[in-house]
2 protein chains.
Amino acid sequence: MRIDLPIDKMPTAWFNALPRLPEPMQPPLHPGTNQPIGPADLAPLFPMGLIEQEVSGALTIDIPGEVIDVLRLWRPTPLVRATRLERALGTPARIYFKDESVSPAGSHKPNTAVPQAYYNAKEGVHRLTTETGAGQWGTALSFACAQFDIDCKVYMVRASFDSKPYRRMMMETWGAECVPSPVADPTSPGSLGLAISDAVADAAQRDDSHYSLGSVLNHVLLHQTIIGLEAKEQLAIAGESHPDVIIASCGGGSNLGGIALPFLEDARVRLLAVEPASCATLTTGEFRYDFGDTAGMTPLLPMYTLGKDFMPAPIHAGGLRYHGDAPIISLLVQCGRMEAVAYPQSKTFEAAVQFARVEGKLAAPETGHAIRAAIDEALACKETGEEKVILFNYSGHGFLDLAAYDAFNHHRLID
Amino acid sequence: MRIDLPIDKMPTAWFNALPRLPEPMQPPLHPGTNQPIGPADLAPLFPMGLIEQEVSGALTIDIPGEVIDVLRLWRPTPLVRATRLERALGTPARIYFKDESVSPAGSHKPNTAVPQAYYNAKEGVHRLTTETGAGQWGTALSFACAQFDIDCKVYMVRASFDSKPYRRMMMETWGAECVPSPVADPTSPGSLGLAISDAVADAAQRDDSHYSLGSVLNHVLLHQTIIGLEAKEQLAIAGESHPDVIIASCGGGSNLGGIALPFLEDARVRLLAVEPASCATLTTGEFRYDFGDTAGMTPLLPMYTLGKDFMPAPIHAGGLRYHGDAPIISLLVQCGRMEAVAYPQSKTFEAAVQFARVEGKLAAPETGHAIRAAIDEALACKETGEEKVILFNYSGHGFLDLAAYDAFNHHRLID
């Protein structure tokens, strides 16, 4: 059962978590000096509009009209009560999911790609560079750049570039250029950390170019809060006073932050991050300053990390293969406001296939992590008899990840 | 700008075109005797619920509650005004599209797959067979069978089975079995006509099995009329009294019939079928009785046909590669109520890429045909200054057809 939000009720301001965090956040440090960085340090890579958002103390930040115009191509997204899944599980819990898969690129990523392209275009930047792992972020930014007539160059992790050509084809259809990374070593399968280094180096050495990051940073999570803001209104339409638990997969933290942060100040709501056991940053990593990339070119961020040289196993949920985590998410986990759990990928595909058969929808492997945890919460309710309200983020579809389903269906999936 | 229909406004009855046709339809003939067939002739293949709909004279037919329950997983679908496309074209026309790509299988096909599975399950049938070309129909029926606990076996045209494994993987994820056709000749690339023969033969020789067809037949077009019924209500919400022209691609005729038939009796509304130049059934075929399949096992249908042995060129719009057309559509074209136009595939991809860059959405190659014609109508309005209302059916997404976009983007597409 779908709960639609009328299009004129789409939020017109983002929710800023920064002034509402339970503890103050430590500043990012300059990679050369180890001193706190200021706006001027970021100016070669980002437009001032985004730099201001990165450190803003405002409780909310208005969404520009031109951004709303583009977001309305697919927003508000549906909130769906998964009644057929509830019935199949025999749970007294009420399970809702927010369907971010309906965007042009098929995930939540365009929510931030669009404002990022907009603020760059507004400040006269004509070219953006970025990296992408499995390709979700690269396609999102390619789409967004097409809306504001900006050139876009995407450095794609070579292993994905070679094995998953469909995302590259999407980027090219929207007019972007996509090349395999690392550029300097054609024999390397690459990694997200290495691709970030390539994209940052490109933008840093060209006057006409900026760099764009699809997760981790404060302004990215800010843009994603439209997910949780809409969900809050839709739950009210459905007659729910609040969710008991909010669940999302966590790679860099943007889809999780997007759905969870607007509920940050409501102590009745548990927040749960789900990560892959093979890249369990929040559950097994260390909280300390670390680089966002492998080459050590980015600022040092206060976050949970497995170390910038950590090379995650080649699981299908490419979007969750990252050594670090958003500083906002890391702080919430460290101070106990947010929980985290990790699953091996076979358990997540088991849940995704169960979900597909009853609800019809084929989830991205990343999203399968959230589905796994949501099903486990619902099964726990079956034991206790609790009628909990479970909300999870359906962050993306799996139409371009069918080879992973094929491996699972034919017992070729390795944990 | 999206126009949502509230979920409680979803139609609860289908629109039956049969009693409203401008001329009476000639009956289907038995392939052995050449005599009109009766319900008993169809009983080995179809449940009585569908056979009755195939010949019903009722003006509307109620949608069963259990079917509505499943359709509500994705319906009502959005109607979208393509304002960014209008702006890019500089047209005074208002362009609307009905977005059928949001279904689990990614096209309009589940609209009929679900009731077909339901009526079979209700009459105790535990197994369905069908054929599929590029795979849209096979995935739709696999999804539908999963909802009603029916086994499903799909005979897929071998050329597609080998070159497009993703659709097979989707079917298997929903629990169906998918095999290449023709079964008897592993060296043949196959065709839709041959695959129909395989699926019909399988169902005919097993007591526990029925056959299911994804287009052409009257009951299939009946089920698809929910598209046009919803669109009519949504246009009213948008303040439009009626569309001036309705456009849809035409292979067997089901997505076209679905959006167009509910407007059949409104003489203000032009109806336009769009077909590929390489399989131009309506624009270059002959109106006569012909078989639906290649082996000559199906009833003879009164329709436009290129001949049952016609082998269409391997264009990317696999769903439009069919030698015949729905008898309802054929009759409407023959008596002048519906127009038809044909395009080479390069022109349709040109339109689909233009659409993707401004509206964000990646269309199926079949849908690209409708987009091409809609753009051409809008450009004609630019010449004449007419503020026409153009409605087209966005019948499916192209996430599993990116290789076709790649061929177009890199100038490897052959007409």
# chains A, B, ... in the order shown; residues from 1 in each chain; ligands from 1
call {"tool": "interface_residues", "arguments": {"of": "chain A", "to": "chain B", "cutoff": "7 Å", "atoms": "only C-alpha atoms", "output": "list in words"}}
result
Met1, Arg72, Leu73, Pro104, Phe143, Ala146, Gln147, Tyr166, Met169, Met170, Thr173, Trp174, Val353, Ala356, Arg357, Val358, Gly360, Lys361, Phe399, Leu400, Leu402, Tyr405, Asp406 and Asn409 of chain A
call {"tool": "select_by_dssp", "arguments": {"residues": "range 25-233 of chain B", "states": "alpha helix (DSSP H)", "output": "ChimeraX atom specification"}}
result
/B:39-42,48-55,65-71,83-89,110-122,136-147,158-163,165-173,192-204,218-224,226-233
call {"tool": "residues_around", "arguments": {"residues": "range 26-33 of chain A", "least_positions_apart": "5", "cutoff": "10 Å", "atoms": "only C-alpha atoms", "output": "ChimeraX atom specification"}}
result
/A:38,41-42,55,289-291,296-303,327,331
call {"tool": "write_last_selection", "arguments": {"atoms": "all heavy atoms", "output": "tab-separated table (two decimals), in the first residue's frame"}}
result
chain	number	residue	atom	x	y	z
A	38	GLY	N	39.87	25.87	6.53
A	38	GLY	CA	38.86	26.92	6.39
A	38	GLY	C	38.29	26.90	4.99
A	38	GLY	O	38.75	26.13	4.13
A	41	ASP	N	40.56	26.84	1.94
A	41	ASP	CA	41.23	25.58	1.58
A	41	ASP	C	40.37	24.72	0.66
A	41	ASP	O	40.88	23.92	-0.12
A	41	ASP	CB	41.54	24.78	2.86
A	41	ASP	CG	42.54	25.50	3.76
A	41	ASP	OD1	43.60	25.92	3.25
A	41	ASP	OD2	42.24	25.66	4.96
A	42	LEU	N	39.06	24.88	0.77
A	42	LEU	CA	38.15	24.06	-0.03
A	42	LEU	C	37.78	24.70	-1.36
A	42	LEU	O	37.27	24.03	-2.26
A	42	LEU	CB	36.87	23.76	0.78
A	42	LEU	CG	37.07	22.92	2.04
A	42	LEU	CD1	35.79	22.88	2.87
A	42	LEU	CD2	37.50	21.50	1.68
A	55	VAL	N	29.54	23.89	6.75
A	55	VAL	CA	29.82	24.34	8.12
A	55	VAL	C	28.65	25.12	8.73
A	55	VAL	O	28.78	25.69	9.82
A	55	VAL	CB	31.08	25.22	8.16
A	55	VAL	CG1	32.30	24.41	7.74
A	55	VAL	CG2	30.93	26.44	7.25
A	289	TYR	N	41.04	10.39	13.15
A	289	TYR	CA	41.20	11.14	11.91
A	289	TYR	C	41.79	10.23	10.83
A	289	TYR	O	42.72	9.46	11.11
A	289	TYR	CB	42.14	12.33	12.12
A	289	TYR	CG	41.43	13.58	12.60
A	289	TYR	CD1	41.52	14.00	13.93
A	289	TYR	CD2	40.69	14.35	11.71
A	289	TYR	CE1	40.88	15.15	14.37
A	289	TYR	CE2	40.04	15.50	12.14
A	289	TYR	CZ	40.13	15.90	13.45
A	289	TYR	OH	39.49	17.04	13.88
A	290	ASP	N	41.22	10.33	9.61
A	290	ASP	CA	41.82	9.59	8.49
A	290	ASP	C	41.49	10.33	7.19
A	290	ASP	O	40.59	11.18	7.13
A	290	ASP	CB	41.27	8.16	8.43
A	290	ASP	CG	42.17	7.24	7.60
A	290	ASP	OD1	43.24	7.70	7.13
A	290	ASP	OD2	41.81	6.05	7.41
A	291	PHE	N	42.22	9.98	6.17
A	291	PHE	CA	41.98	10.56	4.84
A	291	PHE	C	40.75	9.93	4.20
A	291	PHE	O	40.45	8.76	4.44
A	291	PHE	CB	43.18	10.31	3.92
A	291	PHE	CG	44.44	11.00	4.37
A	291	PHE	CD1	45.42	10.32	5.07
A	291	PHE	CD2	44.65	12.35	4.07
A	291	PHE	CE1	46.59	10.96	5.46
A	291	PHE	CE2	45.81	12.99	4.48
A	291	PHE	CZ	46.78	12.29	5.18
A	296	GLY	N	45.87	10.23	0.05
A	296	GLY	CA	46.08	11.20	1.12
A	296	GLY	C	46.00	12.65	0.65
A	296	GLY	O	46.67	13.53	1.17
A	297	MET	N	45.17	12.92	-0.36
A	297	MET	CA	45.02	14.29	-0.88
A	297	MET	C	43.87	15.04	-0.22
A	297	MET	O	43.82	16.27	-0.27
A	297	MET	CB	44.78	14.24	-2.38
A	297	MET	CG	45.95	13.62	-3.15
A	297	MET	SD	45.47	13.27	-4.86
A	297	MET	CE	45.21	14.93	-5.49
A	298	THR	N	42.90	14.32	0.33
A	298	THR	CA	41.73	14.99	0.92
A	298	THR	C	42.05	15.45	2.34
A	298	THR	O	43.03	15.01	2.93
A	298	THR	CB	40.52	14.02	1.00
A	298	THR	OG1	40.82	13.04	2.01
A	298	THR	CG2	40.27	13.33	-0.32
A	299	PRO	N	41.19	16.33	2.88
A	299	PRO	CA	41.34	16.67	4.30
A	299	PRO	C	41.21	15.42	5.17
A	299	PRO	O	40.62	14.42	4.76
A	299	PRO	CB	40.17	17.63	4.55
A	299	PRO	CG	39.86	18.22	3.21
A	299	PRO	CD	40.14	17.13	2.22
A	300	LEU	N	41.77	15.51	6.38
A	300	LEU	CA	41.60	14.44	7.36
A	300	LEU	C	40.25	14.64	8.05
A	300	LEU	O	39.93	15.74	8.50
A	300	LEU	CB	42.73	14.50	8.39
A	300	LEU	CG	44.10	14.08	7.85
A	300	LEU	CD1	45.22	14.75	8.61
A	300	LEU	CD2	44.22	12.56	7.91
A	301	LEU	N	39.47	13.57	8.12
A	301	LEU	CA	38.13	13.66	8.70
A	301	LEU	C	38.04	12.82	9.97
A	301	LEU	O	38.64	11.73	10.04
A	301	LEU	CB	37.09	13.16	7.69
A	301	LEU	CG	37.01	13.92	6.36
A	301	LEU	CD1	36.10	13.19	5.38
A	301	LEU	CD2	36.53	15.36	6.58
A	302	PRO	N	37.27	13.32	10.97
A	302	PRO	CA	37.07	12.53	12.20
A	302	PRO	C	36.00	11.48	11.95
A	302	PRO	O	34.82	11.82	11.84
A	302	PRO	CB	36.60	13.58	13.21
A	302	PRO	CG	35.91	14.62	12.37
A	302	PRO	CD	36.55	14.60	11.02
A	303	MET	N	36.40	10.22	11.84
A	303	MET	CA	35.41	9.20	11.44
A	303	MET	C	35.86	7.80	11.82
A	303	MET	O	37.02	7.56	12.12
A	303	MET	CB	35.20	9.28	9.92
A	303	MET	CG	36.43	8.95	9.08
A	303	MET	SD	36.06	9.10	7.28
A	303	MET	CE	37.67	8.67	6.58
A	327	PRO	N	31.49	11.78	8.78
A	327	PRO	CA	31.73	12.25	10.16
A	327	PRO	C	30.45	12.39	10.99
A	327	PRO	O	30.45	12.05	12.18
A	327	PRO	CB	32.42	13.61	9.93
A	327	PRO	CG	33.15	13.44	8.65
A	327	PRO	CD	32.24	12.59	7.80
A	331	LEU	N	30.02	10.23	14.35
A	331	LEU	CA	29.80	10.86	15.66
A	331	LEU	C	28.57	10.28	16.34
A	331	LEU	O	28.57	9.99	17.55
A	331	LEU	CB	29.65	12.37	15.47
A	331	LEU	CG	29.48	13.22	16.74
A	331	LEU	CD1	30.15	14.58	16.55
A	331	LEU	CD2	28.01	13.41	17.11
call {"tool": "closest_residue", "arguments": {"among": "B:Met171, B:Leu261, B:Ala374, B:Ile68", "to": "Leu85 in chain B", "atoms": "only C-alpha atoms"}}
result
B:Ala374
call {"tool": "residues_around", "arguments": {"residues": "Pro11 in chain B", "least_positions_apart": "2", "cutoff": "8 Å", "atoms": "only C-alpha atoms", "output": "number ranges by chain"}}
result
B: 9, 13-14, 226, 229-230
call {"tool": "write_last_selection", "arguments": {"atoms": "C-alpha atoms", "output": "mmCIF file, in the first residue's frame"}}
result
data_model
loop_
_atom_site.group_PDB
_atom_site.id
_atom_site.type_symbol
_atom_site.label_atom_id
_atom_site.label_comp_id
_atom_site.auth_asym_id
_atom_site.auth_seq_id
_atom_site.Cartn_x
_atom_site.Cartn_y
_atom_site.Cartn_z
ATOM 1 C CA LYS B 9 -9.201 6.578 -7.134
ATOM 2 C CA ALA B 13 -13.438 -1.908 -13.599
ATOM 3 C CA TRP B 14 -11.798 -2.398 -16.982
ATOM 4 C CA ILE B 226 -6.520 0.666 -16.755
ATOM 5 C CA LEU B 229 -8.746 5.092 -17.556
ATOM 6 C CA GLU B 230 -6.234 6.462 -15.065
#
call {"tool": "closest_residue", "arguments": {"among": "A:Glu233, A:Asp151, A:Glu23, A:Glu377", "to": "Asn120 in chain A", "atoms": "only C-alpha atoms"}}
result
A:Asp151
call {"tool": "residues_around", "arguments": {"residues": "Ala260 in chain A", "least_positions_apart": "3", "cutoff": "8 Å", "atoms": "only C-alpha atoms", "output": "PyMOL selection string"}}
result
chain A and resi 225+228+246-247+256-257+263-264+271
call {"tool": "write_last_selection", "arguments": {"atoms": "N, CA and C atoms", "output": "PDB file, in the first residue's frame"}}
result
ATOM      1  N   THR A 225      18.521  14.819   3.323  1.00  0.00           N
ATOM      2  CA  THR A 225      17.489  14.826   4.372  1.00  0.00           C
ATOM      3  C   THR A 225      16.081  14.995   3.813  1.00  0.00           C
ATOM      4  N   GLY A 228      14.042  11.811   4.576  1.00  0.00           N
ATOM      5  CA  GLY A 228      13.426  11.652   5.892  1.00  0.00           C
ATOM      6  C   GLY A 228      12.318  12.657   6.139  1.00  0.00           C
ATOM      7  N   ILE A 246      14.523   3.146  12.425  1.00  0.00           N
ATOM      8  CA  ILE A 246      14.818   3.526  11.037  1.00  0.00           C
ATOM      9  C   ILE A 246      16.086   2.797  10.618  1.00  0.00           C
ATOM     10  N   ILE A 247      16.014   2.162   9.467  1.00  0.00           N
ATOM     11  CA  ILE A 247      17.085   1.276   9.011  1.00  0.00           C
ATOM     12  C   ILE A 247      17.558   1.700   7.634  1.00  0.00           C
ATOM     13  N   LEU A 256      21.597   6.657   4.564  1.00  0.00           N
ATOM     14  CA  LEU A 256      21.267   6.507   5.983  1.00  0.00           C
ATOM     15  C   LEU A 256      21.019   7.874   6.621  1.00  0.00           C
ATOM     16  N   GLY A 257      21.956   8.801   6.418  1.00  0.00           N
ATOM     17  CA  GLY A 257      21.776  10.141   6.980  1.00  0.00           C
ATOM     18  C   GLY A 257      20.502  10.785   6.461  1.00  0.00           C
ATOM     19  N   PHE A 263      14.966  12.578  12.120  1.00  0.00           N
ATOM     20  CA  PHE A 263      14.375  11.982  13.322  1.00  0.00           C
ATOM     21  C   PHE A 263      15.365  11.993  14.496  1.00  0.00           C
ATOM     22  N   LEU A 264      16.499  12.642  14.267  1.00  0.00           N
ATOM     23  CA  LEU A 264      17.600  12.650  15.230  1.00  0.00           C
ATOM     24  C   LEU A 264      17.182  13.070  16.629  1.00  0.00           C
ATOM     25  N   LEU A 271      17.920   4.423  15.542  1.00  0.00           N
ATOM     26  CA  LEU A 271      18.527   4.591  14.223  1.00  0.00           C
ATOM     27  C   LEU A 271      19.529   3.456  14.022  1.00  0.00           C
TER      28      LEU A 271
END
call {"tool": "closest_residue", "arguments": {"among": "A:Thr284, A:Thr130, A:Thr367, A:Asn34", "to": "Ala351 in chain A", "atoms": "only C-alpha atoms"}}
result
A:Thr367
call {"tool": "residues_around", "arguments": {"residues": "Glu339 in chain A", "least_positions_apart": "2", "cutoff": "12 Å", "atoms": "only C-alpha atoms", "output": "PyMOL selection string"}}
result
chain A and resi 245-250+256+260+269-275+282-283+329-337+341-342+373
call {"tool": "write_last_selection", "arguments": {"atoms": "C-alpha atoms", "output": "JSON list (two decimals), in the first residue's frame"}}
result
[["chain", "number", "residue", "atom", "x", "y", "z"],
["A", 245, "VAL", "CA", 13.31, 2.08, 14.22],
["A", 246, "ILE", "CA", 14.82, 3.53, 11.04],
["A", 247, "ILE", "CA", 17.09, 1.28, 9.01],
["A", 248, "ALA", "CA", 19.41, 2.00, 6.09],
["A", 249, "SER", "CA", 22.50, 0.53, 4.53],
["A", 250, "CYS", "CA", 25.69, 2.44, 5.22],
["A", 256, "LEU", "CA", 21.27, 6.51, 5.98],
["A", 260, "ALA", "CA", 17.53, 9.14, 9.70],
["A", 269, "VAL", "CA", 13.26, 6.52, 17.33],
["A", 270, "ARG", "CA", 16.12, 4.00, 17.12],
["A", 271, "LEU", "CA", 18.53, 4.59, 14.22],
["A", 272, "LEU", "CA", 20.24, 1.54, 12.70],
["A", 273, "ALA", "CA", 23.12, 1.44, 10.21],
["A", 274, "VAL", "CA", 23.62, -1.77, 8.21],
["A", 275, "GLU", "CA", 26.99, -2.54, 6.70],
["A", 282, "LEU", "CA", 31.25, 1.17, 12.07],
["A", 283, "THR", "CA", 31.20, -2.20, 13.82],
["A", 329, "ILE", "CA", 27.24, 9.23, 11.10],
["A", 330, "SER", "CA", 30.49, 8.36, 12.88],
["A", 331, "LEU", "CA", 29.80, 10.86, 15.66],
["A", 332, "LEU", "CA", 26.25, 9.53, 16.16],
["A", 333, "VAL", "CA", 27.52, 5.96, 16.45],
["A", 334, "GLN", "CA", 30.39, 6.96, 18.74],
["A", 335, "CYS", "CA", 28.11, 8.78, 21.17],
["A", 336, "GLY", "CA", 25.52, 6.00, 21.17],
["A", 337, "ARG", "CA", 22.69, 7.76, 19.29],
["A", 341, "VAL", "CA", 25.05, -4.11, 12.51],
["A", 342, "ALA", "CA", 26.95, -6.06, 9.82],
["A", 373, "ALA", "CA", 17.87, -5.85, 8.90]]
call {"tool": "residues_around", "arguments": {"residues": "range 204-218 of chain B", "least_positions_apart": "6", "cutoff": "8 Å", "atoms": "only C-alpha atoms", "output": "number ranges by chain"}}
result
B: 18, 44-47, 53-55, 109, 112-113, 116, 120, 125-131, 137, 252-254, 325-328
call {"tool": "write_last_selection", "arguments": {"atoms": "N, CA, C and O atoms", "output": "compact mmCIF listing (two decimals), in the first residue's frame"}}
result
# COMPACT_ATOMS: atom_id res chain seq x y z
N LEU B 18 -14.89 -4.05 -26.97
CA LEU B 18 -15.61 -4.91 -27.92
C LEU B 18 -16.99 -4.40 -28.32
O LEU B 18 -17.30 -4.32 -29.51
N PRO B 44 -8.62 -25.79 -23.46
CA PRO B 44 -7.37 -26.47 -23.09
C PRO B 44 -6.23 -25.49 -22.78
O PRO B 44 -5.28 -25.85 -22.10
N LEU B 45 -6.35 -24.25 -23.27
CA LEU B 45 -5.26 -23.30 -23.09
C LEU B 45 -5.54 -22.20 -22.08
O LEU B 45 -4.62 -21.67 -21.45
N PHE B 46 -6.83 -21.81 -21.96
CA PHE B 46 -7.15 -20.64 -21.13
C PHE B 46 -8.24 -20.98 -20.10
O PHE B 46 -9.11 -21.83 -20.36
N PRO B 47 -8.26 -20.26 -18.97
CA PRO B 47 -9.34 -20.45 -18.00
C PRO B 47 -10.62 -19.79 -18.50
O PRO B 47 -10.56 -18.85 -19.31
N GLN B 53 -14.05 -13.11 -21.02
CA GLN B 53 -13.66 -11.72 -21.30
C GLN B 53 -13.31 -11.55 -22.78
O GLN B 53 -13.51 -10.47 -23.35
N GLU B 54 -12.78 -12.60 -23.39
CA GLU B 54 -12.37 -12.53 -24.79
C GLU B 54 -13.54 -12.21 -25.72
O GLU B 54 -13.35 -11.60 -26.77
N VAL B 55 -14.75 -12.59 -25.32
CA VAL B 55 -15.92 -12.39 -26.18
C VAL B 55 -17.01 -11.55 -25.52
O VAL B 55 -18.12 -11.42 -26.07
N LYS B 109 3.38 -4.54 -18.96
CA LYS B 109 3.00 -5.94 -19.10
C LYS B 109 2.35 -6.55 -17.84
O LYS B 109 1.42 -7.36 -17.97
N THR B 112 -1.66 -7.05 -17.30
CA THR B 112 -2.42 -8.22 -17.73
C THR B 112 -1.86 -9.52 -17.15
O THR B 112 -2.60 -10.48 -16.94
N ALA B 113 -0.57 -9.54 -16.86
CA ALA B 113 0.00 -10.76 -16.27
C ALA B 113 -0.68 -11.10 -14.95
O ALA B 113 -0.96 -12.27 -14.66
N GLN B 116 -4.23 -12.48 -15.45
CA GLN B 116 -4.13 -13.80 -16.09
C GLN B 116 -3.71 -14.86 -15.09
O GLN B 116 -4.27 -15.96 -15.05
N ASN B 120 -6.27 -18.01 -13.68
CA ASN B 120 -5.80 -19.40 -13.76
C ASN B 120 -5.75 -20.04 -12.38
O ASN B 120 -6.21 -21.16 -12.19
N VAL B 125 -5.46 -23.98 -11.86
CA VAL B 125 -4.30 -24.26 -12.71
C VAL B 125 -3.02 -23.91 -11.95
O VAL B 125 -2.92 -22.83 -11.36
N HIS B 126 -2.07 -24.83 -11.94
CA HIS B 126 -0.88 -24.64 -11.12
C HIS B 126 0.37 -24.27 -11.91
O HIS B 126 1.43 -24.09 -11.34
N ARG B 127 0.22 -24.21 -13.24
CA ARG B 127 1.42 -23.99 -14.05
C ARG B 127 1.03 -23.25 -15.33
O ARG B 127 0.05 -23.60 -15.99
N LEU B 128 1.78 -22.22 -15.66
CA LEU B 128 1.57 -21.47 -16.90
C LEU B 128 2.81 -21.53 -17.78
O LEU B 128 3.94 -21.54 -17.28
N THR B 129 2.57 -21.59 -19.09
CA THR B 129 3.69 -21.48 -20.03
C THR B 129 3.47 -20.24 -20.87
O THR B 129 2.33 -19.81 -21.10
N THR B 130 4.55 -19.68 -21.33
CA THR B 130 4.44 -18.55 -22.25
C THR B 130 5.73 -18.41 -23.04
O THR B 130 6.70 -19.13 -22.80
N GLU B 131 5.71 -17.47 -23.99
CA GLU B 131 6.92 -17.16 -24.75
C GLU B 131 7.32 -15.73 -24.41
O GLU B 131 6.53 -14.95 -23.88
N TRP B 137 7.71 -9.53 -21.36
CA TRP B 137 6.53 -10.29 -21.01
C TRP B 137 6.86 -11.45 -20.08
O TRP B 137 6.15 -11.72 -19.11
N GLY B 252 2.33 -5.93 -30.62
CA GLY B 252 1.08 -6.68 -30.69
C GLY B 252 -0.11 -5.78 -30.45
O GLY B 252 -1.23 -6.10 -30.80
N GLY B 253 0.13 -4.63 -29.80
CA GLY B 253 -0.93 -3.64 -29.63
C GLY B 253 -1.42 -3.43 -28.22
O GLY B 253 -2.37 -2.67 -28.01
N SER B 254 -0.78 -4.04 -27.22
CA SER B 254 -1.39 -3.98 -25.89
C SER B 254 -1.15 -2.66 -25.16
O SER B 254 -2.05 -2.16 -24.47
N ASP B 325 -0.86 -8.18 -35.49
CA ASP B 325 -1.31 -7.10 -34.61
C ASP B 325 -2.62 -7.52 -33.98
O ASP B 325 -3.37 -8.32 -34.54
N ALA B 326 -2.94 -6.93 -32.86
CA ALA B 326 -4.21 -7.24 -32.19
C ALA B 326 -5.37 -7.02 -33.15
O ALA B 326 -5.42 -6.00 -33.84
N PRO B 327 -6.34 -7.94 -33.19
CA PRO B 327 -7.52 -7.73 -34.03
C PRO B 327 -8.24 -6.41 -33.73
O PRO B 327 -8.71 -5.74 -34.65
N ILE B 328 -8.32 -6.03 -32.46
CA ILE B 328 -8.99 -4.75 -32.14
C ILE B 328 -8.26 -3.59 -32.79
O ILE B 328 -8.86 -2.71 -33.41
call {"tool": "atom_distance", "arguments": {"atom1": "CA of Ala236 in chain B", "atom2": "CA of Gln224 in chain B"}}
result
19.9 Å
call {"tool": "atom_distance", "arguments": {"atom1": "CA of Asp309 in chain B", "atom2": "CA of Ile371 in chain B"}}
result
29.6 Å
call {"tool": "atom_distance", "arguments": {"atom1": "CA of Val67 in chain A", "atom2": "CA of Leu50 in chain A"}}
result
13.6 Å
call {"tool": "closest_residue", "arguments": {"among": "B:Lys98, B:Arg268, B:Arg87, B:Arg20", "to": "Lys388 in chain B", "atoms": "only C-alpha atoms"}}
result
B:Arg268
call {"tool": "select_by_dssp", "arguments": {"residues": "range 49-141 of chain B", "states": "strand (DSSP E or B)", "output": "VMD selection string"}}
result
chain B and resid 60 to 62 79 to 81 94 to 99 107 127 to 132
call {"tool": "decode", "arguments": {"residues": "range 47-56 of chain B", "atoms": "N, CA, C and O atoms", "output": "compact mmCIF listing (two decimals), in the first residue's frame"}}
result
# COMPACT_ATOMS: atom_id res chain seq x y z
N PRO B 47 -8.26 -20.26 -18.97
CA PRO B 47 -9.34 -20.45 -18.00
C PRO B 47 -10.62 -19.79 -18.50
O PRO B 47 -10.56 -18.85 -19.31
N MET B 48 -11.76 -20.25 -18.02
CA MET B 48 -13.04 -19.70 -18.50
C MET B 48 -13.17 -18.21 -18.19
O MET B 48 -13.78 -17.46 -18.96
N GLY B 49 -12.59 -17.77 -17.08
CA GLY B 49 -12.65 -16.35 -16.72
C GLY B 49 -12.11 -15.47 -17.83
O GLY B 49 -12.67 -14.40 -18.13
N LEU B 50 -11.05 -15.92 -18.47
CA LEU B 50 -10.45 -15.13 -19.55
C LEU B 50 -11.18 -15.36 -20.87
O LEU B 50 -11.31 -14.45 -21.68
N ILE B 51 -11.63 -16.58 -21.11
CA ILE B 51 -12.37 -16.87 -22.35
C ILE B 51 -13.64 -16.02 -22.41
O ILE B 51 -13.98 -15.46 -23.46
N GLU B 52 -14.31 -15.89 -21.26
CA GLU B 52 -15.51 -15.04 -21.23
C GLU B 52 -15.17 -13.58 -21.56
O GLU B 52 -15.91 -12.91 -22.29
N GLN B 53 -14.05 -13.11 -21.02
CA GLN B 53 -13.66 -11.72 -21.30
C GLN B 53 -13.31 -11.55 -22.78
O GLN B 53 -13.51 -10.47 -23.35
N GLU B 54 -12.78 -12.60 -23.39
CA GLU B 54 -12.37 -12.53 -24.79
C GLU B 54 -13.54 -12.21 -25.72
O GLU B 54 -13.35 -11.60 -26.77
N VAL B 55 -14.75 -12.59 -25.32
CA VAL B 55 -15.92 -12.39 -26.18
C VAL B 55 -17.01 -11.55 -25.52
O VAL B 55 -18.12 -11.42 -26.07
N SER B 56 -16.73 -10.98 -24.37
CA SER B 56 -17.77 -10.30 -23.59
C SER B 56 -18.33 -9.07 -24.31
O SER B 56 -17.61 -8.32 -24.96
